[in-house]
$ cat input-v5.pdb   # PDB, C-alpha atoms, pLDDT in the B column
ATOM      1  CA  MET A   1      64.816  52.591 -29.181  1.00 31.00           C
ATOM      2  CA  ALA A   2      64.110  51.051 -25.791  1.00 34.00           C
ATOM      3  CA  GLU A   3      61.677  52.025 -23.129  1.00 35.00           C
ATOM      4  CA  SER A   4      63.338  53.580 -20.050  1.00 37.00           C
ATOM      5  CA  ALA A   5      63.477  51.201 -17.100  1.00 39.00           C
ATOM      6  CA  CYS A   6      61.028  52.412 -14.506  1.00 44.00           C
ATOM      7  CA  TYR A   7      57.913  51.375 -12.642  1.00 55.00           C
ATOM      8  CA  PRO A   8      55.275  49.797 -14.921  1.00 64.00           C
ATOM      9  CA  ASN A   9      53.741  51.920 -17.676  1.00 81.00           C
ATOM     10  CA  ALA A  10      50.275  51.806 -16.073  1.00 87.00           C
ATOM     11  CA  TYR A  11      51.623  53.712 -13.085  1.00 93.00           C
ATOM     12  CA  ILE A  12      53.544  56.263 -15.165  1.00 92.00           C
ATOM     13  CA  THR A  13      50.342  56.928 -17.095  1.00 93.00           C
ATOM     14  CA  ALA A  14      48.210  57.089 -13.945  1.00 96.00           C
ATOM     15  CA  PHE A  15      50.469  59.471 -12.039  1.00 97.00           C
ATOM     16  CA  GLU A  16      50.461  61.911 -14.951  1.00 96.00           C
ATOM     17  CA  ALA A  17      46.801  61.536 -15.952  1.00 97.00           C
ATOM     18  CA  THR A  18      45.616  62.188 -12.411  1.00 98.00           C
ATOM     19  CA  TRP A  19      47.986  65.137 -11.813  1.00 98.00           C
ATOM     20  CA  PRO A  20      48.483  66.582 -15.296  1.00 98.00           C
ATOM     21  CA  ALA A  21      50.568  69.400 -16.692  1.00 98.00           C
ATOM     22  CA  LEU A  22      48.843  72.247 -18.473  1.00 97.00           C
ATOM     23  CA  ARG A  23      50.866  71.527 -21.610  1.00 97.00           C
ATOM     24  CA  ARG A  24      53.341  68.841 -22.725  1.00 96.00           C
ATOM     25  CA  GLU A  25      55.327  68.456 -25.926  1.00 97.00           C
ATOM     26  CA  PRO A  26      58.153  66.282 -27.286  1.00 97.00           C
ATOM     27  CA  VAL A  27      61.579  67.916 -27.519  1.00 97.00           C
ATOM     28  CA  GLY A  28      64.083  65.448 -28.925  1.00 95.00           C
ATOM     29  CA  PRO A  29      64.207  62.447 -26.564  1.00 96.00           C
ATOM     30  CA  PHE A  30      62.372  64.382 -23.835  1.00 97.00           C
ATOM     31  CA  ILE A  31      58.846  65.337 -22.863  1.00 97.00           C
ATOM     32  CA  TYR A  32      58.707  69.026 -21.953  1.00 98.00           C
ATOM     33  CA  ARG A  33      55.993  70.154 -19.523  1.00 98.00           C
ATOM     34  CA  ASP A  34      54.487  73.455 -18.462  1.00 97.00           C
ATOM     35  CA  GLY A  35      52.735  73.025 -15.135  1.00 97.00           C
ATOM     36  CA  ALA A  36      51.528  76.638 -14.809  1.00 96.00           C
ATOM     37  CA  GLY A  37      52.783  76.775 -11.234  1.00 96.00           C
ATOM     38  CA  GLY A  38      51.384  73.368 -10.311  1.00 97.00           C
ATOM     39  CA  GLY A  39      54.628  72.095  -8.792  1.00 96.00           C
ATOM     40  CA  SER A  40      57.623  70.076  -9.921  1.00 97.00           C
ATOM     41  CA  ARG A  41      55.630  67.008 -10.958  1.00 96.00           C
ATOM     42  CA  THR A  42      53.719  68.996 -13.579  1.00 98.00           C
ATOM     43  CA  SER A  43      56.674  71.152 -14.628  1.00 98.00           C
ATOM     44  CA  ALA A  44      59.634  68.790 -15.020  1.00 98.00           C
ATOM     45  CA  ALA A  45      60.878  67.369 -18.285  1.00 98.00           C
ATOM     46  CA  THR A  46      61.328  63.602 -18.428  1.00 97.00           C
ATOM     47  CA  LEU A  47      62.998  61.159 -20.744  1.00 94.00           C
ATOM     48  CA  ASP A  48      60.431  60.040 -23.328  1.00 93.00           C
ATOM     49  CA  GLY A  49      59.527  56.381 -22.741  1.00 83.00           C
ATOM     50  CA  ASN A  50      60.218  55.652 -26.426  1.00 84.00           C
ATOM     51  CA  PHE A  51      63.889  56.518 -25.907  1.00 82.00           C
ATOM     52  CA  SER A  52      66.699  55.134 -23.754  1.00 79.00           C
ATOM     53  CA  THR A  53      69.341  57.017 -21.790  1.00 80.00           C
ATOM     54  CA  GLY A  54      71.719  56.257 -24.656  1.00 80.00           C
ATOM     55  CA  ASP A  55      69.692  58.606 -26.847  1.00 83.00           C
ATOM     56  CA  VAL A  56      70.499  61.604 -24.620  1.00 90.00           C
ATOM     57  CA  SER A  57      73.312  63.561 -26.242  1.00 91.00           C
ATOM     58  CA  ALA A  58      74.886  66.913 -25.465  1.00 92.00           C
ATOM     59  CA  ASP A  59      72.974  68.385 -28.394  1.00 94.00           C
ATOM     60  CA  ALA A  60      69.685  66.989 -27.060  1.00 94.00           C
ATOM     61  CA  LEU A  61      70.345  68.548 -23.654  1.00 96.00           C
ATOM     62  CA  ASP A  62      71.205  71.866 -25.295  1.00 96.00           C
ATOM     63  CA  GLN A  63      67.878  71.730 -27.135  1.00 97.00           C
ATOM     64  CA  ILE A  64      65.742  71.060 -24.047  1.00 97.00           C
ATOM     65  CA  GLU A  65      67.642  73.662 -22.017  1.00 97.00           C
ATOM     66  CA  SER A  66      66.872  76.183 -24.774  1.00 97.00           C
ATOM     67  CA  ARG A  67      63.202  75.232 -24.577  1.00 97.00           C
ATOM     68  CA  PHE A  68      63.141  75.999 -20.853  1.00 97.00           C
ATOM     69  CA  ALA A  69      64.965  79.286 -21.481  1.00 96.00           C
ATOM     70  CA  ALA A  70      62.395  80.261 -24.128  1.00 96.00           C
ATOM     71  CA  ASP A  71      59.761  80.154 -21.376  1.00 96.00           C
ATOM     72  CA  ALA A  72      62.073  81.979 -18.946  1.00 95.00           C
ATOM     73  CA  ARG A  73      62.169  78.913 -16.691  1.00 96.00           C
ATOM     74  CA  PRO A  74      65.085  77.165 -14.974  1.00 96.00           C
ATOM     75  CA  ALA A  75      65.733  73.753 -16.529  1.00 97.00           C
ATOM     76  CA  LEU A  76      64.078  71.027 -14.437  1.00 98.00           C
ATOM     77  CA  PHE A  77      64.195  67.259 -14.933  1.00 98.00           C
ATOM     78  CA  GLN A  78      62.596  64.290 -13.219  1.00 97.00           C
ATOM     79  CA  ILE A  79      64.925  61.269 -13.267  1.00 96.00           C
ATOM     80  CA  ARG A  80      63.282  57.876 -12.756  1.00 94.00           C
ATOM     81  CA  THR A  81      64.427  54.410 -11.797  1.00 89.00           C
ATOM     82  CA  GLY A  82      66.867  53.006 -14.370  1.00 88.00           C
ATOM     83  CA  GLU A  83      68.006  56.384 -15.738  1.00 92.00           C
ATOM     84  CA  ALA A  84      71.415  56.548 -14.053  1.00 91.00           C
ATOM     85  CA  ALA A  85      73.285  57.378 -17.255  1.00 91.00           C
ATOM     86  CA  PHE A  86      70.990  60.334 -17.911  1.00 93.00           C
ATOM     87  CA  ASP A  87      71.413  61.415 -14.290  1.00 95.00           C
ATOM     88  CA  ALA A  88      75.200  61.313 -14.667  1.00 94.00           C
ATOM     89  CA  LEU A  89      75.026  63.661 -17.673  1.00 94.00           C
ATOM     90  CA  LEU A  90      73.054  66.183 -15.632  1.00 96.00           C
ATOM     91  CA  ILE A  91      75.555  65.946 -12.781  1.00 97.00           C
ATOM     92  CA  GLU A  92      78.356  66.716 -15.265  1.00 95.00           C
ATOM     93  CA  ARG A  93      76.444  69.837 -16.290  1.00 95.00           C
ATOM     94  CA  GLY A  94      76.204  71.041 -12.707  1.00 96.00           C
ATOM     95  CA  TYR A  95      72.593  70.134 -11.949  1.00 98.00           C
ATOM     96  CA  THR A  96      71.699  69.723  -8.271  1.00 97.00           C
ATOM     97  CA  MET A  97      69.320  67.099  -6.908  1.00 98.00           C
ATOM     98  CA  PHE A  98      66.259  67.645  -4.738  1.00 98.00           C
ATOM     99  CA  ASP A  99      63.173  65.797  -3.501  1.00 97.00           C
ATOM    100  CA  PRO A 100      64.026  62.103  -3.883  1.00 98.00           C
ATOM    101  CA  THR A 101      60.578  60.502  -4.021  1.00 97.00           C
ATOM    102  CA  ILE A 102      59.173  56.990  -3.640  1.00 97.00           C
ATOM    103  CA  CYS A 103      56.193  55.670  -5.615  1.00 96.00           C
ATOM    104  CA  LEU A 104      54.009  53.267  -3.625  1.00 97.00           C
ATOM    105  CA  ALA A 105      51.058  51.039  -4.479  1.00 97.00           C
ATOM    106  CA  ALA A 106      48.850  48.335  -2.969  1.00 98.00           C
ATOM    107  CA  PRO A 107      45.902  46.259  -4.190  1.00 98.00           C
ATOM    108  CA  ILE A 108      42.540  47.693  -3.226  1.00 98.00           C
ATOM    109  CA  GLU A 109      41.614  44.557  -1.281  1.00 96.00           C
ATOM    110  CA  ALA A 110      44.530  45.242   1.082  1.00 96.00           C
ATOM    111  CA  PHE A 111      42.642  48.171   2.653  1.00 96.00           C
ATOM    112  CA  ALA A 112      40.046  47.854   5.393  1.00 93.00           C
ATOM    113  CA  PRO A 113      36.771  49.788   4.912  1.00 92.00           C
ATOM    114  CA  SER A 114      36.756  53.402   6.067  1.00 90.00           C
ATOM    115  CA  ASP A 115      34.513  54.764   8.812  1.00 86.00           C
ATOM    116  CA  PRO A 116      31.639  56.675   7.124  1.00 86.00           C
ATOM    117  CA  LYS A 117      31.108  58.711  10.306  1.00 88.00           C
ATOM    118  CA  CYS A 118      34.566  60.265  10.023  1.00 89.00           C
ATOM    119  CA  SER A 119      34.877  61.121   6.350  1.00 92.00           C
ATOM    120  CA  TYR A 120      33.156  61.588   3.028  1.00 94.00           C
ATOM    121  CA  VAL A 121      33.864  62.240  -0.656  1.00 97.00           C
ATOM    122  CA  SER A 122      32.592  65.021  -2.895  1.00 95.00           C
ATOM    123  CA  TRP A 123      33.323  66.866  -6.107  1.00 97.00           C
ATOM    124  CA  PRO A 124      34.006  69.708  -6.497  1.00 97.00           C
ATOM    125  CA  PRO A 125      35.787  70.541  -3.222  1.00 97.00           C
ATOM    126  CA  VAL A 126      33.960  72.791  -0.776  1.00 97.00           C
ATOM    127  CA  SER A 127      35.357  75.948   0.786  1.00 97.00           C
ATOM    128  CA  ILE A 128      36.719  74.324   3.948  1.00 97.00           C
ATOM    129  CA  GLN A 129      38.707  71.823   1.871  1.00 98.00           C
ATOM    130  CA  ARG A 130      40.245  74.644  -0.139  1.00 98.00           C
ATOM    131  CA  GLU A 131      41.115  76.443   3.106  1.00 97.00           C
ATOM    132  CA  ILE A 132      42.871  73.381   4.543  1.00 98.00           C
ATOM    133  CA  TRP A 133      44.814  72.890   1.334  1.00 98.00           C
ATOM    134  CA  ALA A 134      45.789  76.564   1.271  1.00 98.00           C
ATOM    135  CA  GLU A 135      47.047  76.312   4.840  1.00 96.00           C
ATOM    136  CA  GLY A 136      49.312  73.478   3.707  1.00 96.00           C
ATOM    137  CA  GLY A 137      50.651  75.389   0.692  1.00 96.00           C
ATOM    138  CA  ILE A 138      48.327  73.841  -1.898  1.00 97.00           C
ATOM    139  CA  GLY A 139      46.992  76.950  -3.564  1.00 97.00           C
ATOM    140  CA  PRO A 140      45.082  77.881  -6.734  1.00 98.00           C
ATOM    141  CA  ALA A 141      47.678  76.528  -9.187  1.00 98.00           C
ATOM    142  CA  ARG A 142      47.509  73.053  -7.659  1.00 98.00           C
ATOM    143  CA  LEU A 143      43.727  73.207  -7.391  1.00 98.00           C
ATOM    144  CA  ALA A 144      43.776  73.931 -11.133  1.00 98.00           C
ATOM    145  CA  VAL A 145      45.714  70.681 -11.600  1.00 98.00           C
ATOM    146  CA  MET A 146      42.867  68.836  -9.861  1.00 98.00           C
ATOM    147  CA  ASP A 147      40.312  70.591 -12.071  1.00 98.00           C
ATOM    148  CA  ARG A 148      42.003  69.454 -15.277  1.00 97.00           C
ATOM    149  CA  ALA A 149      42.700  65.903 -14.065  1.00 97.00           C
ATOM    150  CA  CYS A 150      40.918  63.046 -15.760  1.00 87.00           C
ATOM    151  CA  ALA A 151      37.609  61.730 -14.428  1.00 90.00           C
ATOM    152  CA  PRO A 152      36.473  59.912 -12.418  1.00 98.00           C
ATOM    153  CA  LYS A 153      37.867  61.924  -9.525  1.00 98.00           C
ATOM    154  CA  THR A 154      36.815  63.175  -6.120  1.00 98.00           C
ATOM    155  CA  SER A 155      37.991  65.100  -3.083  1.00 98.00           C
ATOM    156  CA  LEU A 156      38.200  63.705   0.446  1.00 98.00           C
ATOM    157  CA  LEU A 157      37.231  65.394   3.716  1.00 98.00           C
ATOM    158  CA  GLY A 158      37.882  63.910   7.139  1.00 96.00           C
ATOM    159  CA  ARG A 159      36.517  65.035  10.491  1.00 95.00           C
ATOM    160  CA  ILE A 160      37.500  64.592  14.124  1.00 92.00           C
ATOM    161  CA  LYS A 161      34.686  65.347  16.586  1.00 89.00           C
ATOM    162  CA  ASP A 162      32.802  67.182  13.818  1.00 87.00           C
ATOM    163  CA  ARG A 163      35.781  69.413  13.072  1.00 93.00           C
ATOM    164  CA  PRO A 164      37.285  69.373   9.553  1.00 96.00           C
ATOM    165  CA  ALA A 165      40.663  67.726  10.018  1.00 96.00           C
ATOM    166  CA  GLY A 166      42.067  66.601   6.683  1.00 97.00           C
ATOM    167  CA  VAL A 167      41.649  66.584   2.919  1.00 98.00           C
ATOM    168  CA  GLY A 168      42.863  64.714  -0.128  1.00 98.00           C
ATOM    169  CA  PHE A 169      42.303  64.259  -3.836  1.00 98.00           C
ATOM    170  CA  VAL A 170      41.991  60.965  -5.698  1.00 98.00           C
ATOM    171  CA  ALA A 171      41.444  60.199  -9.377  1.00 98.00           C
ATOM    172  CA  LEU A 172      41.312  57.109 -11.555  1.00 98.00           C
ATOM    173  CA  SER A 173      43.328  56.171 -14.629  1.00 97.00           C
ATOM    174  CA  GLY A 174      42.547  52.744 -16.015  1.00 95.00           C
ATOM    175  CA  SER A 175      42.621  50.330 -13.092  1.00 96.00           C
ATOM    176  CA  VAL A 176      44.886  52.560 -10.967  1.00 97.00           C
ATOM    177  CA  ALA A 177      43.557  55.141  -8.509  1.00 98.00           C
ATOM    178  CA  VAL A 178      46.093  57.728  -7.353  1.00 98.00           C
ATOM    179  CA  LEU A 179      45.925  59.690  -4.109  1.00 98.00           C
ATOM    180  CA  HIS A 180      47.326  63.235  -4.183  1.00 98.00           C
ATOM    181  CA  ALA A 181      47.408  66.338  -1.985  1.00 98.00           C
ATOM    182  CA  LEU A 182      46.820  64.605   1.345  1.00 98.00           C
ATOM    183  CA  GLU A 183      46.841  67.375   3.952  1.00 98.00           C
ATOM    184  CA  ILE A 184      46.019  67.237   7.673  1.00 97.00           C
ATOM    185  CA  THR A 185      45.338  70.378   9.697  1.00 96.00           C
ATOM    186  CA  PRO A 186      48.220  71.067  12.136  1.00 94.00           C
ATOM    187  CA  THR A 187      46.057  70.744  15.255  1.00 92.00           C
ATOM    188  CA  GLU A 188      44.724  67.323  14.209  1.00 91.00           C
ATOM    189  CA  ARG A 189      47.939  65.599  13.172  1.00 91.00           C
ATOM    190  CA  ARG A 190      49.030  62.298  14.747  1.00 90.00           C
ATOM    191  CA  LYS A 191      45.417  61.410  15.527  1.00 91.00           C
ATOM    192  CA  GLY A 192      44.851  58.863  12.783  1.00 93.00           C
ATOM    193  CA  MET A 193      43.291  61.166  10.204  1.00 95.00           C
ATOM    194  CA  ALA A 194      45.788  60.333   7.442  1.00 96.00           C
ATOM    195  CA  ARG A 195      44.967  56.635   7.845  1.00 96.00           C
ATOM    196  CA  ILE A 196      41.249  57.430   7.649  1.00 95.00           C
ATOM    197  CA  LEU A 197      41.697  59.382   4.422  1.00 97.00           C
ATOM    198  CA  VAL A 198      43.854  56.733   2.748  1.00 97.00           C
ATOM    199  CA  THR A 199      41.235  54.071   3.501  1.00 97.00           C
ATOM    200  CA  LEU A 200      38.516  56.448   2.265  1.00 97.00           C
ATOM    201  CA  ALA A 201      40.458  56.873  -0.984  1.00 98.00           C
ATOM    202  CA  ALA A 202      40.623  53.086  -1.307  1.00 98.00           C
ATOM    203  CA  ASP A 203      36.872  52.790  -0.627  1.00 97.00           C
ATOM    204  CA  TRP A 204      36.085  55.303  -3.354  1.00 98.00           C
ATOM    205  CA  ALA A 205      38.512  53.615  -5.746  1.00 98.00           C
ATOM    206  CA  ARG A 206      36.810  50.277  -5.082  1.00 97.00           C
ATOM    207  CA  THR A 207      33.458  51.736  -6.152  1.00 97.00           C
ATOM    208  CA  GLN A 208      35.085  52.895  -9.392  1.00 97.00           C
ATOM    209  CA  GLY A 209      36.418  49.443 -10.224  1.00 97.00           C
ATOM    210  CA  ALA A 210      40.069  50.200  -9.450  1.00 98.00           C
ATOM    211  CA  ALA A 211      42.429  47.321  -8.756  1.00 97.00           C
ATOM    212  CA  THR A 212      45.202  49.378  -7.152  1.00 97.00           C
ATOM    213  CA  LEU A 213      45.719  52.499  -5.051  1.00 98.00           C
ATOM    214  CA  ALA A 214      48.988  54.367  -5.622  1.00 98.00           C
ATOM    215  CA  LEU A 215      50.646  57.517  -4.320  1.00 98.00           C
ATOM    216  CA  GLN A 216      53.981  59.328  -4.166  1.00 98.00           C
ATOM    217  CA  VAL A 217      55.854  60.553  -1.097  1.00 98.00           C
ATOM    218  CA  THR A 218      59.259  62.152  -0.566  1.00 97.00           C
ATOM    219  CA  ARG A 219      61.882  60.071   1.202  1.00 97.00           C
ATOM    220  CA  ALA A 220      62.239  62.833   3.793  1.00 97.00           C
ATOM    221  CA  ASN A 221      58.637  62.277   4.972  1.00 96.00           C
ATOM    222  CA  THR A 222      59.478  59.364   7.239  1.00 96.00           C
ATOM    223  CA  ALA A 223      56.234  59.584   9.226  1.00 95.00           C
ATOM    224  CA  ALA A 224      54.140  59.217   6.075  1.00 96.00           C
ATOM    225  CA  LEU A 225      56.338  56.368   4.830  1.00 97.00           C
ATOM    226  CA  ALA A 226      55.796  54.488   8.089  1.00 97.00           C
ATOM    227  CA  LEU A 227      52.024  54.970   7.834  1.00 96.00           C
ATOM    228  CA  TYR A 228      51.853  53.864   4.217  1.00 97.00           C
ATOM    229  CA  SER A 229      53.971  50.802   4.959  1.00 97.00           C
ATOM    230  CA  SER A 230      51.614  49.828   7.790  1.00 97.00           C
ATOM    231  CA  LEU A 231      48.714  50.060   5.329  1.00 97.00           C
ATOM    232  CA  GLY A 232      50.384  47.638   2.929  1.00 97.00           C
ATOM    233  CA  LEU A 233      51.657  50.112   0.339  1.00 98.00           C
ATOM    234  CA  ARG A 234      54.925  48.918  -1.203  1.00 97.00           C
ATOM    235  CA  GLU A 235      57.567  50.642  -3.343  1.00 96.00           C
ATOM    236  CA  ILE A 236      57.099  50.267  -7.092  1.00 95.00           C
ATOM    237  CA  GLY A 237      59.598  52.891  -8.237  1.00 94.00           C
ATOM    238  CA  GLN A 238      61.362  56.102  -7.373  1.00 95.00           C
ATOM    239  CA  TYR A 239      62.528  59.355  -8.884  1.00 96.00           C
ATOM    240  CA  HIS A 240      64.259  62.609  -8.028  1.00 98.00           C
ATOM    241  CA  TYR A 241      64.626  66.041  -9.598  1.00 98.00           C
ATOM    242  CA  ARG A 242      67.613  67.947 -10.897  1.00 98.00           C
ATOM    243  CA  THR A 243      67.762  71.644 -11.720  1.00 98.00           C
ATOM    244  CA  LYS A 244      70.083  74.594 -12.008  1.00 93.00           C
ATOM    245  CA  PRO A 245      69.538  78.352 -12.293  1.00 82.00           C
ATOM    246  CA  MET A 246      68.783  79.821 -15.707  1.00 69.00           C
ATOM    247  CA  THR A 247      72.079  81.756 -15.731  1.00 63.00           C
ATOM    248  CA  GLU A 248      73.966  78.433 -15.577  1.00 53.00           C
ATOM    249  CA  ALA A 249      71.797  76.488 -18.029  1.00 47.00           C
TER     250      ALA A 249
END

$ encode --input "input-v5.pdb" --output "structure tokens"
Amino acid sequence: MAESACYPNAYITAFEATWPALRREPVGPFIYRDGAGGGSRTSAATLDGNFSTGDVSADALDQIESRFAADARPALFQIRTGEAAFDALLIERGYTMFDPTICLAAPIEAFAPSDPKCSYVSWPPVSIQREIWAEGGIGPARLAVMDRACAPKTSLLGRIKDRPAGVGFVALSGSVAVLHALEITPTERRKGMARILVTLAADWARTQGAATLALQVTRANTAALALYSSLGLREIGQYHYRTKPMTEA
């Protein structure tokens, strides 16, 4: 059995360890996840890294679809770089694609120091951070993901003229720090706050001994992609999701 072709294992491990599902279990050649409402990343099944796309049979797909149905959930898969044959099988079964996503990373030394007057780190998050996240659609289920993420971890808070302007969450897995849940208040967007928070995440990661800062962003978020590119973050992999309603699975 061959490992699925994708971005390096350290990043696969880091993305999941720092934004974990509530439960995960093997089902044939797949890993099944229950994210407890924490979003697609914590709820999608993936091809087990110990298997190749050639190990995905019609029977194996029937089995994983039945597992989703047992939890009264629509079948949901994350398809990574190098899994085209698996993707083709899902297309044949009528699955539709959404949220093509790019995985980015850069060495910690690529980031300039952050401005300590504009931002700080803390754990656990304070009320204003939770309010900003809630305004951006990051509610209790995703905050629970942060709570169960591996340590070390911290939350980020940025300010513009002493007003809370943005938040983020960063955690460490091995030598890789991963930035999640970056959210800027609507009135303070396009004022440089996202750049401040990314460099703050890199500063914190540096103190934890990280070698790399990584994150994920949808292809549709062109403004964020332009910012991350200007900061030296480069593509290391990609994925997308496929799903279909329970009545069709």

$ closest_residue --input "input-v5.pdb" --among "A:Arg206, A:Arg219, A:Lys191, A:Arg41" --to "Ser175 in chain A" --atoms "all atoms listed in the file"
A:Arg206

$ resolve_selection --input "input-v5.pdb" --expression "the PyMOL selection byres ((chain A and resi 199) around 10)" --output "ChimeraX atom specification"
/A:108,110-115,119,193-198,200-205,213,231

$ resolve_selection --input "input-v5.pdb" --expression "the PyMOL selection byres ((chain A and resi 31) around 10)" --output "ChimeraX atom specification"
/A:24-30,32-33,44-49,64,77

$ resolve_selection --input "input-v5.pdb" --expression "the PyMOL selection byres ((chain A and resi 151) around 9)" --output "PyMOL selection string"
chain A and resi 18+148-150+152-154+171-173

$ residues_around --input "input-v5.pdb" --residues "range 89-106 of chain A" --least-positions-apart "3" --cutoff "8 Å" --atoms "all atoms listed in the file" --output "PyMOL selection string"
chain A and resi 85-86+110+212-220+232-244

$ atom_distance --input "input-v5.pdb" --atom1 "CA of Pro186 in chain A" --atom2 "CA of Ser155 in chain A"
19.3 Å

$ residues_near_point --input "input-v5.pdb" --point "(46.6, 74.9, -4.9)" --cutoff "12 Å" --atoms "all atoms listed in the file" --output "list in words"
Ala36, Gly37, Gly38, Gly39, Pro125, Gln129, Arg130, Glu131, Ile132, Trp133, Ala134, Glu135, Gly136, Gly137, Ile138, Gly139, Pro140, Ala141, Arg142, Leu143, Ala144, Val145, Met146, Asp147, Gly168, Phe169, His180, Ala181 and Glu183 of chain A

$ atom_distance --input "input-v5.pdb" --atom1 "CA of Thr53 in chain A" --atom2 "CA of Glu83 in chain A"
6.2 Å

$ closest_residue --input "input-v5.pdb" --among "A:Gly166, A:Pro124, A:Gly174, A:Pro74" --to "Phe15 in chain A" --atoms "all atoms listed in the file"
A:Gly174

$ atom_distance --input "input-v5.pdb" --atom1 "CA of Leu76 in chain A" --atom2 "CA of Val167 in chain A"
28.7 Å

$ residues_around --input "input-v5.pdb" --residues "Arg73 in chain A" --least-positions-apart "4" --cutoff "9 Å" --atoms "all atoms listed in the file" --output "list in words"
Arg67, Phe68, Ala69, Pro245 and Met246 of chain A

$ closest_residue --input "input-v5.pdb" --among "A:Thr81, A:Pro107, A:Ala210, A:Thr185" --to "Ile128 in chain A" --atoms "all atoms listed in the file"
A:Thr185

$ closest_residue --input "input-v5.pdb" --among "A:Cys118, A:Asp34, A:Lys161, A:Ala224" --to "Ala70 in chain A" --atoms "only C-alpha atoms"
A:Asp34

$ build_atoms --input "input-v5.pdb" --residues "range 10-27 of chain A" --atoms "N, CA and C atoms" --output "short mmCIF file (atom, residue, chain, number, x, y, z; two decimals), keeping the file's coordinate frame"
data_model
loop_
_atom_site.label_atom_id
_atom_site.label_comp_id
_atom_site.auth_asym_id
_atom_site.auth_seq_id
_atom_site.Cartn_x
_atom_site.Cartn_y
_atom_site.Cartn_z
N ALA A 10 51.59 51.44 -16.59
CA ALA A 10 50.28 51.81 -16.07
C ALA A 10 50.40 52.84 -14.97
N TYR A 11 51.44 52.75 -14.17
CA TYR A 11 51.62 53.71 -13.08
C TYR A 11 52.14 55.05 -13.61
N ILE A 12 53.07 55.02 -14.56
CA ILE A 12 53.54 56.26 -15.16
C ILE A 12 52.35 57.04 -15.74
N THR A 13 51.53 56.32 -16.49
CA THR A 13 50.34 56.93 -17.10
C THR A 13 49.40 57.47 -16.04
N ALA A 14 49.16 56.69 -14.98
CA ALA A 14 48.21 57.09 -13.94
C ALA A 14 48.69 58.29 -13.16
N PHE A 15 49.96 58.33 -12.80
CA PHE A 15 50.47 59.47 -12.04
C PHE A 15 50.32 60.76 -12.85
N GLU A 16 50.56 60.69 -14.14
CA GLU A 16 50.46 61.91 -14.95
C GLU A 16 49.01 62.26 -15.28
N ALA A 17 48.19 61.26 -15.59
CA ALA A 17 46.80 61.54 -15.95
C ALA A 17 46.02 62.12 -14.79
N THR A 18 46.36 61.72 -13.58
CA THR A 18 45.62 62.19 -12.41
C THR A 18 46.21 63.45 -11.79
N TRP A 19 47.37 63.88 -12.28
CA TRP A 19 47.99 65.14 -11.81
C TRP A 19 48.70 65.76 -13.01
N PRO A 20 47.92 66.24 -13.99
CA PRO A 20 48.48 66.58 -15.30
C PRO A 20 49.07 67.99 -15.41
N ALA A 21 50.04 68.09 -16.30
CA ALA A 21 50.57 69.40 -16.69
C ALA A 21 49.53 70.15 -17.51
N LEU A 22 49.72 71.46 -17.61
CA LEU A 22 48.84 72.25 -18.47
C LEU A 22 49.15 71.94 -19.94
N ARG A 23 50.44 71.84 -20.25
CA ARG A 23 50.87 71.53 -21.61
C ARG A 23 52.05 70.58 -21.56
N ARG A 24 52.18 69.72 -22.57
CA ARG A 24 53.34 68.84 -22.72
C ARG A 24 53.64 68.70 -24.20
N GLU A 25 54.94 68.58 -24.53
CA GLU A 25 55.33 68.46 -25.93
C GLU A 25 56.65 67.71 -26.02
N PRO A 26 56.87 66.95 -27.11
CA PRO A 26 58.15 66.28 -27.29
C PRO A 26 59.23 67.28 -27.71
N VAL A 27 60.40 67.14 -27.12
CA VAL A 27 61.58 67.92 -27.52
C VAL A 27 62.74 66.93 -27.59
#
